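K.L.:
Below is the file coords.cif, which contains mmCIF, C-alpha atoms and all ligand atoms.
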```cif
data_entry
loop_
_atom_site.group_PDB
_atom_site.id
_atom_site.type_symbol
_atom_site.label_atom_id
_atom_site.label_comp_id
_atom_site.auth_asym_id
_atom_site.auth_seq_id
_atom_site.Cartn_x
_atom_site.Cartn_y
_atom_site.Cartn_z
ATOM 1 C CA MET A 244 17.673 12.667 7.343
ATOM 2 C CA ASN A 245 16.540 14.891 10.179
ATOM 3 C CA ASP A 246 12.869 14.289 10.946
ATOM 4 C CA ARG A 247 10.556 14.016 13.932
ATOM 5 C CA TYR A 248 11.393 10.342 14.373
ATOM 6 C CA TRP A 249 15.162 10.918 14.530
ATOM 7 C CA ILE A 250 15.511 10.365 18.287
ATOM 8 C CA GLU A 251 13.303 7.269 18.210
ATOM 9 C CA ARG A 252 15.429 5.895 15.372
ATOM 10 C CA GLN A 253 18.725 6.388 17.227
ATOM 11 C CA LYS A 254 17.185 4.714 20.286
ATOM 12 C CA MET A 255 16.087 1.801 18.105
ATOM 13 C CA VAL A 256 19.653 1.356 16.838
ATOM 14 C CA GLU A 257 21.146 1.465 20.351
ATOM 15 C CA GLU A 258 18.622 -0.630 22.252
ATOM 16 C CA GLN A 259 17.337 -3.122 19.689
ATOM 17 C CA ILE A 260 20.466 -3.645 17.609
ATOM 18 C CA ARG A 261 23.766 -2.590 19.193
ATOM 19 C CA HIS A 262 22.869 -3.870 22.662
ATOM 20 C CA ARG A 263 22.011 -7.234 21.139
ATOM 21 C CA GLY A 264 25.527 -7.579 19.828
ATOM 22 C CA LEU A 265 25.469 -6.306 16.241
ATOM 23 C CA GLN A 266 28.376 -3.882 15.903
ATOM 24 C CA ASP A 267 29.058 -3.326 12.166
ATOM 25 C CA ALA A 268 29.380 0.473 12.103
ATOM 26 C CA ARG A 269 28.372 0.793 8.441
ATOM 27 C CA VAL A 270 25.196 -1.239 8.990
ATOM 28 C CA LEU A 271 24.267 0.678 12.157
ATOM 29 C CA GLY A 272 24.964 3.974 10.377
ATOM 30 C CA ALA A 273 22.691 3.072 7.453
ATOM 31 C CA ILE A 274 19.865 1.991 9.760
ATOM 32 C CA ALA A 275 20.251 5.199 11.770
ATOM 33 C CA GLU A 276 19.772 7.196 8.555
ATOM 34 C CA VAL A 277 16.911 5.489 6.707
ATOM 35 C CA PRO A 278 13.484 6.888 7.705
ATOM 36 C CA ARG A 279 11.701 3.586 8.439
ATOM 37 C CA HIS A 280 8.383 5.394 9.051
ATOM 38 C CA LEU A 281 8.139 6.314 5.350
ATOM 39 C CA PHE A 282 8.007 2.590 4.493
ATOM 40 C CA VAL A 283 5.260 1.831 7.006
ATOM 41 C CA PRO A 284 1.660 2.504 5.874
ATOM 42 C CA ALA A 285 -0.115 5.282 7.800
ATOM 43 C CA PRO A 286 -2.201 3.115 10.198
ATOM 44 C CA ALA A 287 0.944 1.558 11.714
ATOM 45 C CA ARG A 288 3.255 4.575 11.427
ATOM 46 C CA GLU A 289 3.509 5.403 15.130
ATOM 47 C CA ALA A 290 4.866 1.859 15.665
ATOM 48 C CA SER A 291 7.551 2.265 12.977
ATOM 49 C CA TYR A 292 10.461 2.116 15.439
ATOM 50 C CA ASP A 293 9.020 -0.566 17.726
ATOM 51 C CA ASP A 294 10.838 -3.852 18.245
ATOM 52 C CA THR A 295 8.504 -5.775 15.940
ATOM 53 C CA PRO A 296 7.600 -6.595 12.331
ATOM 54 C CA LEU A 297 4.678 -4.578 10.894
ATOM 55 C CA VAL A 298 2.068 -5.154 8.209
ATOM 56 C CA ILE A 299 2.591 -3.335 4.902
ATOM 57 C CA GLY A 300 -0.570 -4.505 3.066
ATOM 58 C CA TYR A 301 -1.223 -7.294 0.528
ATOM 59 C CA GLY A 302 -0.672 -9.840 3.336
ATOM 60 C CA GLN A 303 3.022 -8.902 3.630
ATOM 61 C CA THR A 304 5.219 -7.554 6.429
ATOM 62 C CA ILE A 305 8.269 -5.341 6.975
ATOM 63 C CA SER A 306 10.775 -7.220 9.139
ATOM 64 C CA GLN A 307 11.651 -6.361 12.744
ATOM 65 C CA PRO A 308 14.597 -3.867 12.772
ATOM 66 C CA TYR A 309 16.920 -6.335 14.521
ATOM 67 C CA ILE A 310 16.324 -8.973 11.834
ATOM 68 C CA VAL A 311 17.028 -6.398 9.090
ATOM 69 C CA ALA A 312 20.307 -5.590 10.873
ATOM 70 C CA LEU A 313 21.202 -9.252 11.369
ATOM 71 C CA MET A 314 20.599 -10.165 7.724
ATOM 72 C CA THR A 315 22.406 -7.081 6.440
ATOM 73 C CA SER A 316 25.433 -7.685 8.709
ATOM 74 C CA ALA A 317 25.689 -11.283 7.485
ATOM 75 C CA LEU A 318 26.145 -10.051 3.910
ATOM 76 C CA GLU A 319 29.460 -8.393 4.963
ATOM 77 C CA LEU A 320 29.067 -5.482 2.555
ATOM 78 C CA ARG A 321 32.107 -3.243 2.210
ATOM 79 C CA GLY A 322 30.855 -0.918 -0.527
ATOM 80 C CA ALA A 323 31.867 -2.393 -3.882
ATOM 81 C CA GLU A 324 29.364 -5.282 -4.042
ATOM 82 C CA ARG A 325 26.555 -6.041 -6.454
ATOM 83 C CA VAL A 326 23.546 -7.276 -4.503
ATOM 84 C CA LEU A 327 20.299 -9.097 -5.319
ATOM 85 C CA GLU A 328 17.286 -8.806 -3.003
ATOM 86 C CA VAL A 329 14.316 -11.146 -3.426
ATOM 87 C CA GLY A 330 11.125 -9.653 -1.934
ATOM 88 C CA THR A 331 11.200 -5.843 -2.162
ATOM 89 C CA GLY A 332 8.080 -5.503 -0.012
ATOM 90 C CA SER A 333 8.036 -2.014 1.482
ATOM 91 C CA GLY A 334 11.541 -1.304 0.150
ATOM 92 C CA TYR A 335 12.961 -0.642 3.636
ATOM 93 C CA GLN A 336 15.606 -3.366 3.503
ATOM 94 C CA THR A 337 16.480 -2.232 -0.047
ATOM 95 C CA ALA A 338 17.061 1.360 1.099
ATOM 96 C CA ILE A 339 19.494 0.089 3.738
ATOM 97 C CA LEU A 340 21.357 -2.023 1.156
ATOM 98 C CA SER A 341 21.495 0.938 -1.211
ATOM 99 C CA ARG A 342 23.706 2.789 1.303
ATOM 100 C CA LEU A 343 26.090 -0.125 1.732
ATOM 101 C CA ALA A 344 26.858 -1.468 -1.754
ATOM 102 C CA VAL A 345 27.367 -0.167 -5.272
ATOM 103 C CA GLU A 346 24.491 -1.777 -7.172
ATOM 104 C CA ILE A 347 21.236 -3.315 -5.910
ATOM 105 C CA HIS A 348 18.704 -5.352 -7.890
ATOM 106 C CA THR A 349 15.443 -5.958 -6.065
ATOM 107 C CA VAL A 350 12.665 -8.268 -7.292
ATOM 108 C CA GLU A 351 9.051 -8.275 -6.074
ATOM 109 C CA LEU A 352 6.081 -10.409 -7.187
ATOM 110 C CA ILE A 353 3.343 -7.897 -6.305
ATOM 111 C CA PRO A 354 3.420 -4.980 -8.799
ATOM 112 C CA LYS A 355 1.696 -2.497 -6.458
ATOM 113 C CA LEU A 356 4.226 -3.064 -3.661
ATOM 114 C CA SER A 357 7.049 -2.703 -6.168
ATOM 115 C CA ALA A 358 5.641 0.582 -7.486
ATOM 116 C CA ARG A 359 5.178 1.977 -3.974
ATOM 117 C CA ALA A 360 8.770 1.101 -3.066
ATOM 118 C CA ALA A 361 10.086 2.554 -6.334
ATOM 119 C CA ARG A 362 8.532 5.941 -5.501
ATOM 120 C CA LEU A 363 10.331 5.953 -2.141
ATOM 121 C CA PHE A 364 13.669 5.103 -3.800
ATOM 122 C CA VAL A 365 13.282 8.244 -5.943
ATOM 123 C CA LEU A 366 12.336 10.346 -2.910
ATOM 124 C CA LEU A 367 15.311 9.056 -0.909
ATOM 125 C CA LYS A 368 17.715 9.255 -3.874
ATOM 126 C CA CYS A 369 18.524 5.540 -3.889
ATOM 127 C CA HIS A 370 19.890 5.888 -7.418
ATOM 128 C CA ASN A 371 21.782 2.583 -7.360
ATOM 129 C CA VAL A 372 18.620 0.479 -6.985
ATOM 130 C CA SER A 373 17.061 -1.304 -9.998
ATOM 131 C CA VAL A 374 13.478 -2.356 -9.332
ATOM 132 C CA HIS A 375 12.077 -5.471 -11.022
ATOM 133 C CA VAL A 376 8.669 -7.160 -10.955
ATOM 134 C CA GLY A 377 8.759 -10.940 -11.270
ATOM 135 C CA ASP A 378 9.458 -14.268 -9.620
ATOM 136 C CA GLY A 379 12.606 -13.701 -7.591
ATOM 137 C CA SER A 380 12.848 -17.390 -6.664
ATOM 138 C CA LEU A 381 14.431 -17.595 -10.126
ATOM 139 C CA GLY A 382 16.864 -14.853 -9.151
ATOM 140 C CA TRP A 383 17.497 -12.121 -11.705
ATOM 141 C CA PRO A 384 19.829 -13.861 -14.156
ATOM 142 C CA ILE A 385 20.471 -10.966 -16.492
ATOM 143 C CA ALA A 386 22.504 -9.020 -13.897
ATOM 144 C CA ALA A 387 24.205 -12.077 -12.270
ATOM 145 C CA PRO A 388 26.568 -12.938 -10.665
ATOM 146 C CA TYR A 389 25.972 -11.220 -7.321
ATOM 147 C CA ASP A 390 28.426 -10.818 -4.447
ATOM 148 C CA ALA A 391 25.523 -10.981 -2.027
ATOM 149 C CA ILE A 392 21.928 -12.220 -2.212
ATOM 150 C CA ILE A 393 19.247 -11.605 0.413
ATOM 151 C CA VAL A 394 15.854 -13.292 0.425
ATOM 152 C CA THR A 395 13.219 -11.723 2.673
ATOM 153 C CA ALA A 396 10.589 -14.485 2.419
ATOM 154 C CA ALA A 397 10.851 -18.085 3.673
ATOM 155 C CA ALA A 398 11.768 -20.759 1.110
ATOM 156 C CA PRO A 399 11.028 -24.501 1.424
ATOM 157 C CA ALA A 400 14.621 -25.247 0.292
ATOM 158 C CA LEU A 401 17.592 -23.409 -1.206
ATOM 159 C CA PRO A 402 16.474 -22.216 -4.670
ATOM 160 C CA ALA A 403 19.017 -23.585 -7.174
ATOM 161 C CA PRO A 404 19.011 -20.462 -9.399
ATOM 162 C CA LEU A 405 20.152 -18.318 -6.468
ATOM 163 C CA ILE A 406 23.156 -20.578 -5.858
ATOM 164 C CA GLU A 407 23.972 -20.422 -9.569
ATOM 165 C CA GLN A 408 23.831 -16.616 -9.531
ATOM 166 C CA LEU A 409 26.068 -16.248 -6.474
ATOM 167 C CA ALA A 410 29.634 -15.120 -7.246
ATOM 168 C CA ASP A 411 32.648 -16.990 -5.917
ATOM 169 C CA HIS A 412 33.147 -15.906 -2.267
ATOM 170 C CA GLY A 413 29.525 -14.698 -2.316
ATOM 171 C CA ARG A 414 27.101 -14.678 0.635
ATOM 172 C CA LEU A 415 23.408 -15.614 0.515
ATOM 173 C CA VAL A 416 21.087 -14.985 3.468
ATOM 174 C CA ILE A 417 17.740 -16.763 3.365
ATOM 175 C CA PRO A 418 15.074 -18.005 5.798
ATOM 176 C CA LEU A 419 14.574 -21.745 5.185
ATOM 177 C CA ALA A 420 11.552 -23.681 6.408
ATOM 178 C CA SER A 421 12.588 -26.653 8.551
ATOM 179 C CA SER A 422 10.692 -29.905 9.083
ATOM 180 C CA ASN A 423 9.435 -28.988 12.587
ATOM 181 C CA GLY A 424 7.573 -25.911 11.354
ATOM 182 C CA TYR A 425 10.247 -23.373 12.314
ATOM 183 C CA GLN A 426 12.179 -21.221 9.882
ATOM 184 C CA LEU A 427 15.936 -20.950 10.173
ATOM 185 C CA LEU A 428 17.706 -17.851 8.943
ATOM 186 C CA THR A 429 20.622 -19.374 7.055
ATOM 187 C CA LEU A 430 23.880 -17.903 5.756
ATOM 188 C CA VAL A 431 25.137 -19.736 2.682
ATOM 189 C CA ARG A 432 28.686 -19.198 1.435
ATOM 190 C CA CYS A 433 30.169 -20.176 -1.884
ATOM 191 C CA GLU A 434 33.968 -20.711 -1.831
ATOM 192 C CA GLY A 435 35.590 -22.198 -4.916
ATOM 193 C CA GLY A 436 32.417 -24.069 -5.838
ATOM 194 C CA ARG A 437 31.974 -25.396 -2.270
ATOM 195 C CA ILE A 438 28.720 -24.435 -0.533
ATOM 196 C CA SER A 439 28.572 -24.125 3.254
ATOM 197 C CA GLU A 440 25.602 -23.284 5.465
ATOM 198 C CA GLN A 441 25.408 -21.647 8.890
ATOM 199 C CA VAL A 442 22.202 -21.105 10.874
ATOM 200 C CA LEU A 443 21.964 -17.557 12.298
ATOM 201 C CA ALA A 444 18.581 -17.475 14.061
ATOM 202 C CA SER A 445 15.088 -18.858 14.259
ATOM 203 C CA VAL A 446 12.762 -16.465 12.418
ATOM 204 C CA CYS A 447 9.226 -15.941 11.123
ATOM 205 C CA PHE A 448 8.820 -14.685 7.541
ATOM 206 C CA VAL A 449 5.983 -14.712 5.016
ATOM 207 C CA PRO A 450 6.343 -17.567 2.490
ATOM 208 C CA LEU A 451 8.408 -17.241 -0.682
ATOM 209 C CA ARG A 452 6.132 -17.879 -3.653
ATOM 210 C CA GLY A 453 6.946 -18.663 -7.270
ATOM 211 C CA ARG A 454 8.688 -21.568 -9.008
ATOM 212 C CA PHE A 455 11.119 -22.374 -6.120
ATOM 213 C CA GLY A 456 8.771 -21.142 -3.408
ATOM 214 C CA VAL A 457 6.042 -22.691 -1.289
ATOM 215 C CA LYS A 458 3.478 -24.594 -3.358
ATOM 216 C CA GLY A 459 -0.243 -23.807 -3.230
HETATM 217 N N1 LIG B 501 12.256 -6.803 2.713
HETATM 218 C C1 LIG B 501 10.888 -6.410 2.867
HETATM 219 C C2 LIG B 501 10.043 -7.476 3.511
HETATM 220 C C3 LIG B 501 9.223 -8.065 2.488
HETATM 221 S S1 LIG B 501 8.046 -9.289 2.953
HETATM 222 C C4 LIG B 501 10.774 -5.104 3.594
HETATM 223 O O1 LIG B 501 11.785 -4.588 4.079
HETATM 224 O O2 LIG B 501 9.680 -4.567 3.639
HETATM 225 C C5 LIG B 501 8.417 -10.429 1.661
HETATM 226 C C6 LIG B 501 8.101 -9.962 0.266
HETATM 227 O O3 LIG B 501 8.477 -11.013 -0.637
HETATM 228 C C7 LIG B 501 6.625 -9.697 -0.013
HETATM 229 O O4 LIG B 501 6.465 -8.394 -0.494
HETATM 230 C C8 LIG B 501 6.244 -10.742 -1.063
HETATM 231 O O5 LIG B 501 5.288 -10.275 -2.000
HETATM 232 C C9 LIG B 501 7.577 -10.998 -1.727
HETATM 233 N N2 LIG B 501 7.716 -12.272 -2.427
HETATM 234 C C10 LIG B 501 7.266 -13.497 -2.062
HETATM 235 N N3 LIG B 501 7.627 -14.417 -2.967
HETATM 236 C C11 LIG B 501 8.330 -13.769 -3.945
HETATM 237 C C12 LIG B 501 8.966 -14.170 -5.159
HETATM 238 N N4 LIG B 501 8.964 -15.442 -5.572
HETATM 239 N N5 LIG B 501 9.581 -13.219 -5.898
HETATM 240 C C13 LIG B 501 9.593 -11.923 -5.496
HETATM 241 N N6 LIG B 501 9.010 -11.478 -4.364
HETATM 242 C C14 LIG B 501 8.384 -12.390 -3.594
#
```
Could you write out this file's structure as structure tokens?
Ligand code: SAH
P.N.:
Amino acid sequence: MNDRYWIERQKMVEEQIRHRGLQDARVLGAIAEVPRHLFVPAPAREASYDDTPLVIGYGQTISQPYIVALMTSALELRGAERVLEVGTGSGYQTAILSRLAVEIHTVELIPKLSARAARLFVLLKCHNVSVHVGDGSLGWPIAAPYDAIIVTAAAPALPAPLIEQLADHGRLVIPLASSNGYQLLTLVRCEGGRISEQVLASVCFVPLRGRFGVKG
């Protein structure tokens, strides 16, 4: 999309993402295309391409561009995957996924955020995205299994339903709260029923709510 933020967006990809070592051409291409400023509410719009997370209302945030790129790269999408996203939020991460896989299911707890994102998916012709309102800590069983699952809110522990809904050879990326107060962005792989975990980065996300989320 050619818009007045195009140059800023290409600069963001080069300086914040590629120069920090993320090289997946499909991921960089998708991020270079999606108009991030449309997902950022008007008061913060001029900061849309800054190297930072931003508030999107209802106490929620849109992740820093580098973190979106890191999480998306870890999913290793090649184009044919079915993907589950927990935490639609602004819909920005969803719009990126929509360009990289065949079918995306995204679940959001807050109906108004979900509705706002759904309007943008129509505008941007993200026709392969199914929008759901509900508790995504339970996954979205009806469309399982998924080749990739991405959770964009921090969980106290790995939610069992998400592991159950992950296909063999699937990848799950999720921020997990650790005992010392930090959150660790974790890549979980499922290979022949064996689960392995790899820590990717220390991060700061809003809490995952719901049945397998943070209590209180
Ligand atoms: N990926 C988003 C960032 C969203 S912030 C973006 O690009 O904008 C995390 C989101 O997770 C919030 O919108 C919050 O309401 C949602 N959330 C928290 N717990 C949830 C749950 N159990 N199920 C679904 N959504 C949840």
K.L.:
Wanna dump the chain A-ligand LIG 501 (chain B) contacts at 7 Å for me, each residue with its shortest atom pair and the distance in Å to one decimal, counting only C-alpha atoms and all ligand atoms, ordered by chain and number, as a Markdown table?
P.N.:
```
| residue | atom | partner | partner_atom | distance |
| --- | --- | --- | --- | --- |
| A:Gln303 | CA | B:LIG501 | S1 | 5.1 |
| A:Thr304 | CA | B:LIG501 | S1 | 4.8 |
| A:Ile305 | CA | B:LIG501 | O2 | 3.7 |
| A:Ser306 | CA | B:LIG501 | C2 | 5.7 |
| A:Val329 | CA | B:LIG501 | C13 | 5.2 |
| A:Gly330 | CA | B:LIG501 | O3 | 3.2 |
| A:Thr331 | CA | B:LIG501 | C1 | 5.1 |
| A:Gly332 | CA | B:LIG501 | O4 | 3.3 |
| A:Ser333 | CA | B:LIG501 | O2 | 3.7 |
| A:Gly334 | CA | B:LIG501 | O1 | 5.1 |
| A:Tyr335 | CA | B:LIG501 | O1 | 4.1 |
| A:Gln336 | CA | B:LIG501 | O1 | 4.1 |
| A:Thr337 | CA | B:LIG501 | O1 | 6.7 |
| A:Val350 | CA | B:LIG501 | C13 | 5.1 |
| A:Glu351 | CA | B:LIG501 | N6 | 3.6 |
| A:Leu352 | CA | B:LIG501 | C13 | 4.2 |
| A:Ile353 | CA | B:LIG501 | O5 | 5.3 |
| A:Leu356 | CA | B:LIG501 | O4 | 6.6 |
| A:Gly377 | CA | B:LIG501 | N5 | 5.9 |
| A:Asp378 | CA | B:LIG501 | N5 | 3.9 |
| A:Gly379 | CA | B:LIG501 | N5 | 3.5 |
| A:Ser380 | CA | B:LIG501 | N4 | 4.5 |
| A:Thr395 | CA | B:LIG501 | N1 | 5.0 |
| A:Ala396 | CA | B:LIG501 | C5 | 4.7 |
| A:Val449 | CA | B:LIG501 | C5 | 6.0 |
| A:Pro450 | CA | B:LIG501 | C10 | 6.2 |
| A:Leu451 | CA | B:LIG501 | N3 | 3.7 |
| A:Arg452 | CA | B:LIG501 | N3 | 3.8 |
| A:Gly453 | CA | B:LIG501 | N4 | 4.2 |
| A:Gly456 | CA | B:LIG501 | N4 | 6.1 |
```
K.L.:
Counting all atoms listed in the file, figure out which residue out of A:Phe282, A:Phe448, A:Tyr301, A:Tyr248 gets nearest to A:Ala338.
P.N.:
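Of all the options, A:Phe282 lies closest to A:Ala338.
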K.L.:
Could you name the residues that touch stretch 361-373 of chain A at 7 Å or less, counting all atoms listed in the file, but leaving out those on the same chain fewer than 5 positions away, as a PDB file with C-alpha atoms, keeping the file's coordinate frame?
P.N.:
```
ATOM      1  CA  ALA A 338      17.061   1.360   1.099  1.00  0.00           C
ATOM      2  CA  SER A 341      21.495   0.938  -1.211  1.00  0.00           C
ATOM      3  CA  VAL A 345      27.367  -0.167  -5.272  1.00  0.00           C
ATOM      4  CA  GLU A 346      24.491  -1.777  -7.172  1.00  0.00           C
ATOM      5  CA  ILE A 347      21.236  -3.315  -5.910  1.00  0.00           C
ATOM      6  CA  HIS A 348      18.704  -5.352  -7.890  1.00  0.00           C
ATOM      7  CA  THR A 349      15.443  -5.958  -6.065  1.00  0.00           C
TER       8      THR A 349
END
```
K.L.:
To one decimal in Å, tell me the separation between atom CA of A:Ala344 and atom CA of A:Leu320.
P.N.:
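Computing the Euclidean distance for atom CA of A:Ala344 and atom CA of A:Leu320 yields 6.3 Å.
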K.L.:
List as a PDB file with C-alpha atoms, in the frame of the given file the protein and nucleic acid residues near A:Glu258, meaning an atom at most 12 Å away when only C-alpha atoms are counted, but skip any in the same chain fewer than 2 places from it.
P.N.:
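So part_6.pdb came out as:
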```pdb
ATOM      1  CA  GLU A 251      13.303   7.269  18.210  1.00  0.00           C
ATOM      2  CA  ARG A 252      15.429   5.895  15.372  1.00  0.00           C
ATOM      3  CA  GLN A 253      18.725   6.388  17.227  1.00  0.00           C
ATOM      4  CA  LYS A 254      17.185   4.714  20.286  1.00  0.00           C
ATOM      5  CA  MET A 255      16.087   1.801  18.105  1.00  0.00           C
ATOM      6  CA  VAL A 256      19.653   1.356  16.838  1.00  0.00           C
ATOM      7  CA  ILE A 260      20.466  -3.645  17.609  1.00  0.00           C
ATOM      8  CA  ARG A 261      23.766  -2.590  19.193  1.00  0.00           C
ATOM      9  CA  HIS A 262      22.869  -3.870  22.662  1.00  0.00           C
ATOM     10  CA  ARG A 263      22.011  -7.234  21.139  1.00  0.00           C
ATOM     11  CA  GLY A 264      25.527  -7.579  19.828  1.00  0.00           C
ATOM     12  CA  LEU A 265      25.469  -6.306  16.241  1.00  0.00           C
ATOM     13  CA  LEU A 271      24.267   0.678  12.157  1.00  0.00           C
ATOM     14  CA  TYR A 292      10.461   2.116  15.439  1.00  0.00           C
ATOM     15  CA  ASP A 293       9.020  -0.566  17.726  1.00  0.00           C
ATOM     16  CA  ASP A 294      10.838  -3.852  18.245  1.00  0.00           C
ATOM     17  CA  PRO A 308      14.597  -3.867  12.772  1.00  0.00           C
ATOM     18  CA  TYR A 309      16.920  -6.335  14.521  1.00  0.00           C
TER      19      TYR A 309
END
```
K.L.:
Taking 5 positions as the minimum chain separation for residues in the same chain, which residues sit within 8 Å of A:Gln441 when counting all atoms listed in the file? Answer as a list in words.
P.N.:
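Here the qualifying residues turn out to be Thr429, Leu430 and Val431 of chain A.
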K.L.:
Where does the PyMOL selection byres (((chain A and resi 411-413) around 7) and not hetatm) land in this file, that is, which residues does it pick, as a PyMOL selection string?
P.N.:
chain A and resi 390-391+409-410+414-415+432-435
K.L.:
Skipping near chain neighbours, those fewer than 4 positions away, what residues fall within 10 Å of A:Ala444 using only C-alpha atoms, listed as a PyMOL selection string?
P.N.:
chain A and resi 310+313-314+418+426-430
K.L.:
For each of A:Ser357, A:Ser445, A:Ser291, A:Gln408, take the minimum atom-to-atom distance to A:Val326, counting all atoms listed in the file, then give the residue where this is smallest.
P.N.:
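Smallest separation from A:Val326 among the options: A:Gln408.
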K.L.:
Could you tell me how far atom CA of A:Glu440 lies from atom CA of A:Val270, in Å and to one decimal?
P.N.:
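Atom CA of A:Val270 lies 22.3 Å from atom CA of A:Glu440.
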K.L.:
Closest to A:Val394 among A:Leu327, A:Ile406, A:Leu340, A:Val374, using all atoms listed in the file?
P.N.:
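Closest candidate: A:Leu327.
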K.L.:
Interatomic distance between atom CA of A:Phe455 and atom CA of A:Ala312?
P.N.:
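If I compute the distance from atom CA of A:Phe455 to atom CA of A:Ala312, I get 25.6 Å.
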K.L.:
For A:Pro296, which of A:Glu328, A:Arg321, A:Ala400, A:Val446 is the closest residue, counting only C-alpha atoms?
P.N.:
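Looking only at the distances to A:Pro296, the closest residue turns out to be A:Val446.
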K.L.:
Using only C-alpha atoms, which of A:Arg325, A:Arg342, A:Arg288, A:Arg247 sits nearest A:Ile274?
P.N.:
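Answer, going by the shortest atom-to-atom distance: A:Arg342.
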K.L.:
For A:Gln259, which of A:Val311, A:Arg454, A:Pro278, A:Ala360 is the closest residue, counting all atoms listed in the file?
P.N.:
A:Val311
